[in-house]
Amino acid sequence: MTFTEQDQDQILVQGIPLDRIDQQINHFVNGFPFLNVIKAATIGDGIVRIDEGQLPTYTQRFDSAAHERDLVKFVPASGAATRMFKALFAALEGKMDKSVDEVFDRLTDFAFYDDLKKAMASKGQDIDKADRQTILRFLLTEEGLDYGSLPKGLLKFHRYIDGPRTPVEEHLVEGAAYANSDGLVKIHFTVSPEHRSRFEHLINEQKADYEAWLGVTFDISFSEQKKATDTISVNIDNSPFRNADNSLLFRPAGHGALIENLNDIDADIVFIKNIDNVVPDEIKEPTVTYKKVLAAVLLDSQQQIARLQGLLKGSDVSDGYLAEADELFRHTLFTLPPDKFDSLSKEEKVDYFRRKLDRPVRVCGMVKNVGEPGGGPFWAKNQDGSVSLQVVESAQIDLDNPAQKAIFDEATHFNPVDLVCGLKDPAGKKYDLPAYRDPQTGFITAKSKDGKELKAQELPGLWNGAMADWNTIFVEVPLITFNPVKTVNDLLRKEHQPE
């Protein structure tokens with residue numbers, strides 16, 4: 001692709017290497033290859049189910065190790081709440097449906113009701129007498145609360161006796177329960193630049209009160225998606241899309257770009273959880289328990305990996321050690337060697353296991369699939385011929401292929417963005433996380449700007465292609481640990497209402 005001098009100056013400021021832009025253009029032209037899924041991961045065949053009687057053993061294992069580890073809770077929180085209020089925005093245009101009726105029937109049940117009532121009163125409006133359009137304007141637009149353009153993390157989700165809480169505050173409370181190392185609780189939020197000051201203001205206002213109540217010290221940090229992870233947009237004919245001023249259009253490349261933010265975190269163990277998946281205090285306990293369980297599974301796997309790395313270090317590796325490595329990968333790390341593995345020399349087998357052991361580790365919670373969208377657990381073929389566990393989105397599978405579609409339909413679970421990650425090797429050296437992503441995964445989407453159609457590109461998802469080359473373990477977690485708020489009506493579900 002040939003770019004003008006002006007283009008090259010813009011690309012330089014954006015911080016994207018030219019060869020990466022050429023690669024992005026190539027993906028627009030040729031698309032992304034589908035992932036070759038071999039079978040769905042199920043209980044006993046890729047997904048570990050932990051007996052309820054064993055839960056205390058796992059939580060104690062984590063609790064005893066937590067004070068020796070640097071822990072961080074990582075919360076992607078940059079998304080705006082626009083989609084959460086999609087039906088209400090349509091209602092502003094006069095298109096009412098049952099979900100809108102439910103919102104108005106139960107308006108007083110929302111944690112933001114008192115704020116809405118005050119905002120209306122300040123402008124001489126009585127919420128009990130106002131029509132629907134007026135109430136919606138005060139809820140969604142700058143005329144009132146402006147909830148339609150705020151990020152979810154700043155909305156009032158849950159009601160308590162001492163006042164409502166936002167998801168940010170719920171993550172503080174939850175983080176203190178498991179991302180706690182000798183009273184220090186580190187939480188990192190990825191936010192959008194335009195809302196960062198609001199997040200910082202909320203933390204500055206509330207932090208001391210939560211520290212006093214919970215008896216901890218919070219270390220709260222923020223980052224924004226890096227401009228260098230944006231992707232170029234193209235016209236329908238795959239030529240670069242240009243703005244009215246003839247500049248190139250770059251767009252944020254989805255949550256896969258956050259692998260760069262995660263890579264900047266210096267910690268032993270990182271808990272990853274979405275901003276909108278929070279619950280009131282009375283039902284937090286299962287979430288806390290299973291976060292500790294996942295972390296304990298991570299610690300156990302790291303211990304086994306470190307032991308085998310030591311055994312495979314020498315120049316004369318015994319057949320017994322190779323058999324141990326094979327056993328660990330097949331039955332703990334759920335990775336099968338390439339088809340021609342048996343024909344490799346001993347040195348080649350040792351080299352294979354050394355490479356596979358020397359990778360970051362993630363333990364992913366999997367809940368039973370009840371129809372929610374999300375990445376599913378599958379055994380998939382990798383570029384080196386091995387087969388391992390992957391979190392796979394439907395767009396990554398060729399659903400027009402009957403055999404692949406049949407495998408996709410067999411998935412019994414999905415990942416609700418519930419991960420515990422080990423970012424360092426046994427010597428404490430941090431892995432360079434972008435080196436373990438699969439650049440051949442991604443998505444092409446249709447968008448528009450200024451009335452013109454364009455094609456946009458998303459990087460491989462954070463827990464999909466961006467972590468494709470990690471050692472991966474799937475563990476079943478109960479459905480109660482997954483309570484996302486995708487629409488405003490979700491806040492009316494019993495899990496988000498006070499008892």
# chains A, B, ... in the order shown; residues from 1 in each chain; ligands from 1
$ residues_around --residues "stretch 413-417 of chain A" --least-positions-apart "4" --cutoff "8 Å" --atoms "only C-alpha atoms" --output "ChimeraX atom specification"
/A:42,272-274,364-369,374-377,391,463,482
$ residues_around --residues "stretch 125-141 of chain A" --least-positions-apart "2" --cutoff "9 Å" --atoms "only C-alpha atoms" --output "PyMOL selection string"
chain A and resi 85+88-89+91-94+104+116-123+143-149
$ select_by_dssp --residues "stretch 19-90 of chain A" --states "strand (DSSP E)" --output "list in words"
Val37, Ile38, Lys39, Ala40, Thr42, Ile43, Gly46, Ile47, Val48, Leu71, Val72, Lys73, Phe74, Val75 and Pro76 of chain A
$ write_last_selection --atoms "all heavy atoms" --output "short mmCIF file (atom, residue, chain, number, x, y, z; two decimals), in the first residue's frame"
data_model
loop_
_atom_site.label_atom_id
_atom_site.label_comp_id
_atom_site.auth_asym_id
_atom_site.auth_seq_id
_atom_site.Cartn_x
_atom_site.Cartn_y
_atom_site.Cartn_z
N VAL A 37 -11.71 -25.90 14.99
CA VAL A 37 -12.07 -26.50 16.28
C VAL A 37 -12.22 -28.00 16.11
O VAL A 37 -12.79 -28.49 15.13
CB VAL A 37 -13.36 -25.87 16.86
CG1 VAL A 37 -13.10 -24.43 17.27
CG2 VAL A 37 -14.53 -25.94 15.90
N ILE A 38 -11.67 -28.74 17.07
CA ILE A 38 -11.66 -30.21 17.00
C ILE A 38 -12.86 -30.80 17.72
O ILE A 38 -13.50 -31.74 17.25
CB ILE A 38 -10.35 -30.77 17.62
CG1 ILE A 38 -9.13 -30.12 16.94
CG2 ILE A 38 -10.31 -32.28 17.50
CD1 ILE A 38 -9.06 -30.31 15.45
N LYS A 39 -13.18 -30.21 18.87
CA LYS A 39 -14.34 -30.65 19.65
C LYS A 39 -14.61 -29.61 20.72
O LYS A 39 -13.74 -28.78 21.04
CB LYS A 39 -14.09 -32.02 20.30
CG LYS A 39 -12.88 -32.06 21.21
CD LYS A 39 -12.64 -33.47 21.77
CE LYS A 39 -11.36 -33.52 22.59
NZ LYS A 39 -11.11 -34.86 23.17
N ALA A 40 -15.82 -29.64 21.26
CA ALA A 40 -16.15 -28.74 22.37
C ALA A 40 -15.49 -29.27 23.64
O ALA A 40 -15.39 -30.49 23.85
CB ALA A 40 -17.66 -28.68 22.56
N THR A 42 -15.73 -30.07 27.38
CA THR A 42 -16.85 -30.39 28.27
C THR A 42 -16.31 -30.87 29.61
O THR A 42 -15.10 -31.07 29.77
CB THR A 42 -17.75 -31.47 27.64
OG1 THR A 42 -16.94 -32.61 27.31
CG2 THR A 42 -18.44 -30.96 26.38
N ILE A 43 -17.19 -31.05 30.56
CA ILE A 43 -16.78 -31.54 31.88
C ILE A 43 -16.07 -32.88 31.72
O ILE A 43 -16.59 -33.81 31.11
CB ILE A 43 -17.99 -31.69 32.84
CG1 ILE A 43 -18.69 -30.35 33.05
CG2 ILE A 43 -17.55 -32.29 34.17
CD1 ILE A 43 -17.86 -29.30 33.73
N GLY A 46 -11.63 -31.36 29.21
CA GLY A 46 -11.19 -29.99 28.97
C GLY A 46 -11.68 -29.00 30.00
O GLY A 46 -11.08 -27.95 30.21
N ILE A 47 -12.79 -29.32 30.65
CA ILE A 47 -13.30 -28.45 31.73
C ILE A 47 -13.24 -29.21 33.05
O ILE A 47 -13.77 -30.32 33.15
CB ILE A 47 -14.74 -27.99 31.46
CG1 ILE A 47 -14.84 -27.22 30.13
CG2 ILE A 47 -15.24 -27.10 32.61
CD1 ILE A 47 -16.24 -26.78 29.77
N VAL A 48 -12.58 -28.61 34.02
CA VAL A 48 -12.42 -29.24 35.34
C VAL A 48 -13.62 -28.87 36.22
O VAL A 48 -13.99 -27.70 36.31
CB VAL A 48 -11.12 -28.75 36.02
CG1 VAL A 48 -10.99 -29.35 37.42
CG2 VAL A 48 -9.91 -29.10 35.16
N LEU A 71 -0.80 -9.03 43.77
CA LEU A 71 -2.10 -9.28 43.15
C LEU A 71 -2.66 -8.00 42.54
O LEU A 71 -2.52 -6.92 43.11
CB LEU A 71 -3.10 -9.81 44.18
CG LEU A 71 -2.65 -10.97 45.08
CD1 LEU A 71 -3.72 -11.27 46.12
CD2 LEU A 71 -2.35 -12.21 44.26
N VAL A 72 -3.33 -8.13 41.39
CA VAL A 72 -4.01 -7.00 40.77
C VAL A 72 -5.34 -7.48 40.20
O VAL A 72 -5.42 -8.55 39.61
CB VAL A 72 -3.17 -6.36 39.64
CG1 VAL A 72 -3.99 -5.33 38.86
CG2 VAL A 72 -1.92 -5.69 40.20
N LYS A 73 -6.36 -6.67 40.40
CA LYS A 73 -7.66 -6.91 39.74
C LYS A 73 -7.74 -5.96 38.54
O LYS A 73 -7.58 -4.75 38.68
CB LYS A 73 -8.79 -6.63 40.73
CG LYS A 73 -10.19 -6.87 40.22
CD LYS A 73 -11.15 -6.63 41.39
CE LYS A 73 -12.59 -6.49 40.95
NZ LYS A 73 -13.22 -7.76 40.62
N PHE A 74 -7.95 -6.52 37.35
CA PHE A 74 -7.92 -5.77 36.08
C PHE A 74 -9.34 -5.72 35.53
O PHE A 74 -9.95 -6.75 35.24
CB PHE A 74 -6.97 -6.49 35.11
CG PHE A 74 -6.75 -5.80 33.79
CD1 PHE A 74 -5.70 -4.92 33.61
CD2 PHE A 74 -7.58 -6.07 32.70
CE1 PHE A 74 -5.46 -4.31 32.38
CE2 PHE A 74 -7.36 -5.47 31.47
CZ PHE A 74 -6.30 -4.58 31.31
N VAL A 75 -9.88 -4.49 35.40
CA VAL A 75 -11.28 -4.33 35.02
C VAL A 75 -11.41 -3.49 33.75
O VAL A 75 -11.20 -2.28 33.78
CB VAL A 75 -12.08 -3.65 36.16
CG1 VAL A 75 -13.57 -3.59 35.79
CG2 VAL A 75 -11.88 -4.38 37.48
N PRO A 76 -11.74 -4.10 32.60
CA PRO A 76 -12.05 -3.32 31.40
C PRO A 76 -13.31 -2.50 31.64
O PRO A 76 -14.38 -3.06 31.90
CB PRO A 76 -12.27 -4.38 30.32
CG PRO A 76 -11.59 -5.62 30.84
CD PRO A 76 -11.76 -5.55 32.32
#
$ residues_around --residues "A:Tyr58" --least-positions-apart "6" --cutoff "10 Å" --atoms "only C-alpha atoms" --output "mmCIF file with C-alpha atoms, in the first residue's frame"
data_model
loop_
_atom_site.group_PDB
_atom_site.id
_atom_site.type_symbol
_atom_site.label_atom_id
_atom_site.label_comp_id
_atom_site.auth_asym_id
_atom_site.auth_seq_id
_atom_site.Cartn_x
_atom_site.Cartn_y
_atom_site.Cartn_z
ATOM 1 C CA ILE A 50 -14.188 -29.165 41.441
ATOM 2 C CA THR A 289 -14.941 -18.242 46.672
ATOM 3 C CA TYR A 290 -14.512 -19.179 43.033
ATOM 4 C CA LYS A 292 -9.876 -17.857 45.040
ATOM 5 C CA VAL A 293 -10.433 -21.355 43.641
ATOM 6 C CA LEU A 294 -9.331 -20.273 40.159
ATOM 7 C CA ALA A 295 -6.269 -18.590 41.653
ATOM 8 C CA ALA A 296 -5.408 -21.727 43.630
ATOM 9 C CA VAL A 297 -5.641 -23.819 40.442
ATOM 10 C CA ASP A 300 -0.848 -25.366 41.551
#
$ select_by_dssp --residues "stretch 110-240 of chain A" --states "alpha helix (DSSP H)" --output "number ranges by chain"
A: 113-121, 132-140, 167-178, 196-214
$ residues_around --residues "A:Tyr352" --least-positions-apart "2" --cutoff "12 Å" --atoms "only C-alpha atoms" --output "list in words"
Gln309, Leu312, Leu322, Ala325, Asp326, Phe329, Thr335, Leu336, Pro337, Pro338, Phe341, Asp342, Leu344, Ser345, Lys346, Glu347, Glu348, Lys349, Val350, Arg354, Arg355, Lys356, Leu357, Asp358, Asp384, Gly385 and Ser386 of chain A
$ closest_residue --among "A:Trp379, A:Phe474, A:Phe218, A:Phe34" --to "A:His188" --atoms "only C-alpha atoms"
A:Phe218
$ atom_distance --atom1 "atom CA of A:Ala111" --atom2 "atom CA of A:Met84"
15.3 Å
$ closest_residue --among "A:Gln225, A:Asn204, A:Asn235, A:Asn471" --to "A:Leu389" --atoms "only C-alpha atoms"
A:Asn471
$ residues_around --residues "A:Val488" --least-positions-apart "5" --cutoff "10 Å" --atoms "only C-alpha atoms" --output "VMD selection string"
chain A and resid 81 83 to 88 99 to 100 103 110 157 493
$ closest_residue --among "A:Glu282, A:Asp438, A:Glu327, A:Glu52" --to "A:Gln304" --atoms "only C-alpha atoms"
A:Glu327
$ atom_distance --atom1 "atom CA of A:Leu462" --atom2 "atom CA of A:Thr229"
12.5 Å
$ residues_around --residues "A:Ala80" --least-positions-apart "6" --cutoff "9 Å" --atoms "only C-alpha atoms" --output "list in words"
Gly148, Ser149, Leu150, Pro151, Lys152, Gly153 and Ser192 of chain A
$ write_last_selection --atoms "N, CA and C atoms" --output "PDB file, in the first residue's frame"
ATOM      1  N   GLY A 148     -27.078   8.113  29.062  1.00  0.00           N
ATOM      2  CA  GLY A 148     -26.914   7.535  27.729  1.00  0.00           C
ATOM      3  C   GLY A 148     -25.528   7.666  27.157  1.00  0.00           C
ATOM      4  N   SER A 149     -24.724   8.572  27.697  1.00  0.00           N
ATOM      5  CA  SER A 149     -23.370   8.744  27.162  1.00  0.00           C
ATOM      6  C   SER A 149     -22.281   8.436  28.195  1.00  0.00           C
ATOM      7  N   LEU A 150     -22.668   8.111  29.413  1.00  0.00           N
ATOM      8  CA  LEU A 150     -21.678   7.761  30.432  1.00  0.00           C
ATOM      9  C   LEU A 150     -21.251   6.301  30.291  1.00  0.00           C
ATOM     10  N   PRO A 151     -20.074   5.933  30.788  1.00  0.00           N
ATOM     11  CA  PRO A 151     -19.696   4.512  30.837  1.00  0.00           C
ATOM     12  C   PRO A 151     -20.459   3.798  31.942  1.00  0.00           C
ATOM     13  N   LYS A 152     -20.661   2.498  31.769  1.00  0.00           N
ATOM     14  CA  LYS A 152     -21.419   1.724  32.759  1.00  0.00           C
ATOM     15  C   LYS A 152     -20.843   1.859  34.166  1.00  0.00           C
ATOM     16  N   GLY A 153     -19.530   1.945  34.248  1.00  0.00           N
ATOM     17  CA  GLY A 153     -18.883   1.953  35.562  1.00  0.00           C
ATOM     18  C   GLY A 153     -19.315   3.085  36.456  1.00  0.00           C
ATOM     19  N   SER A 192     -11.963   5.138  28.989  1.00  0.00           N
ATOM     20  CA  SER A 192     -11.841   5.975  27.796  1.00  0.00           C
ATOM     21  C   SER A 192     -11.338   7.355  28.211  1.00  0.00           C
TER      22      SER A 192
END
$ closest_residue --among "A:Asn464, A:Gln302, A:Thr231, A:Asn277" --to "A:Gln14" --atoms "only C-alpha atoms"
A:Thr231
$ closest_residue --among "A:Gly442, A:Pro286, A:Gly31, A:Pro240" --to "A:Thr481" --atoms "only C-alpha atoms"
A:Pro286
$ atom_distance --atom1 "atom CA of A:His158" --atom2 "atom CA of A:Leu492"
10.0 Å
$ residues_around --residues "A:Glu174" --least-positions-apart "2" --cutoff "9 Å" --atoms "only C-alpha atoms" --output "list in words"
Glu169, Glu170, His171, Leu172, Ala176, Ala177, Tyr178, Ala179, Val278, Asp281, Lys284, Thr287 and Val288 of chain A
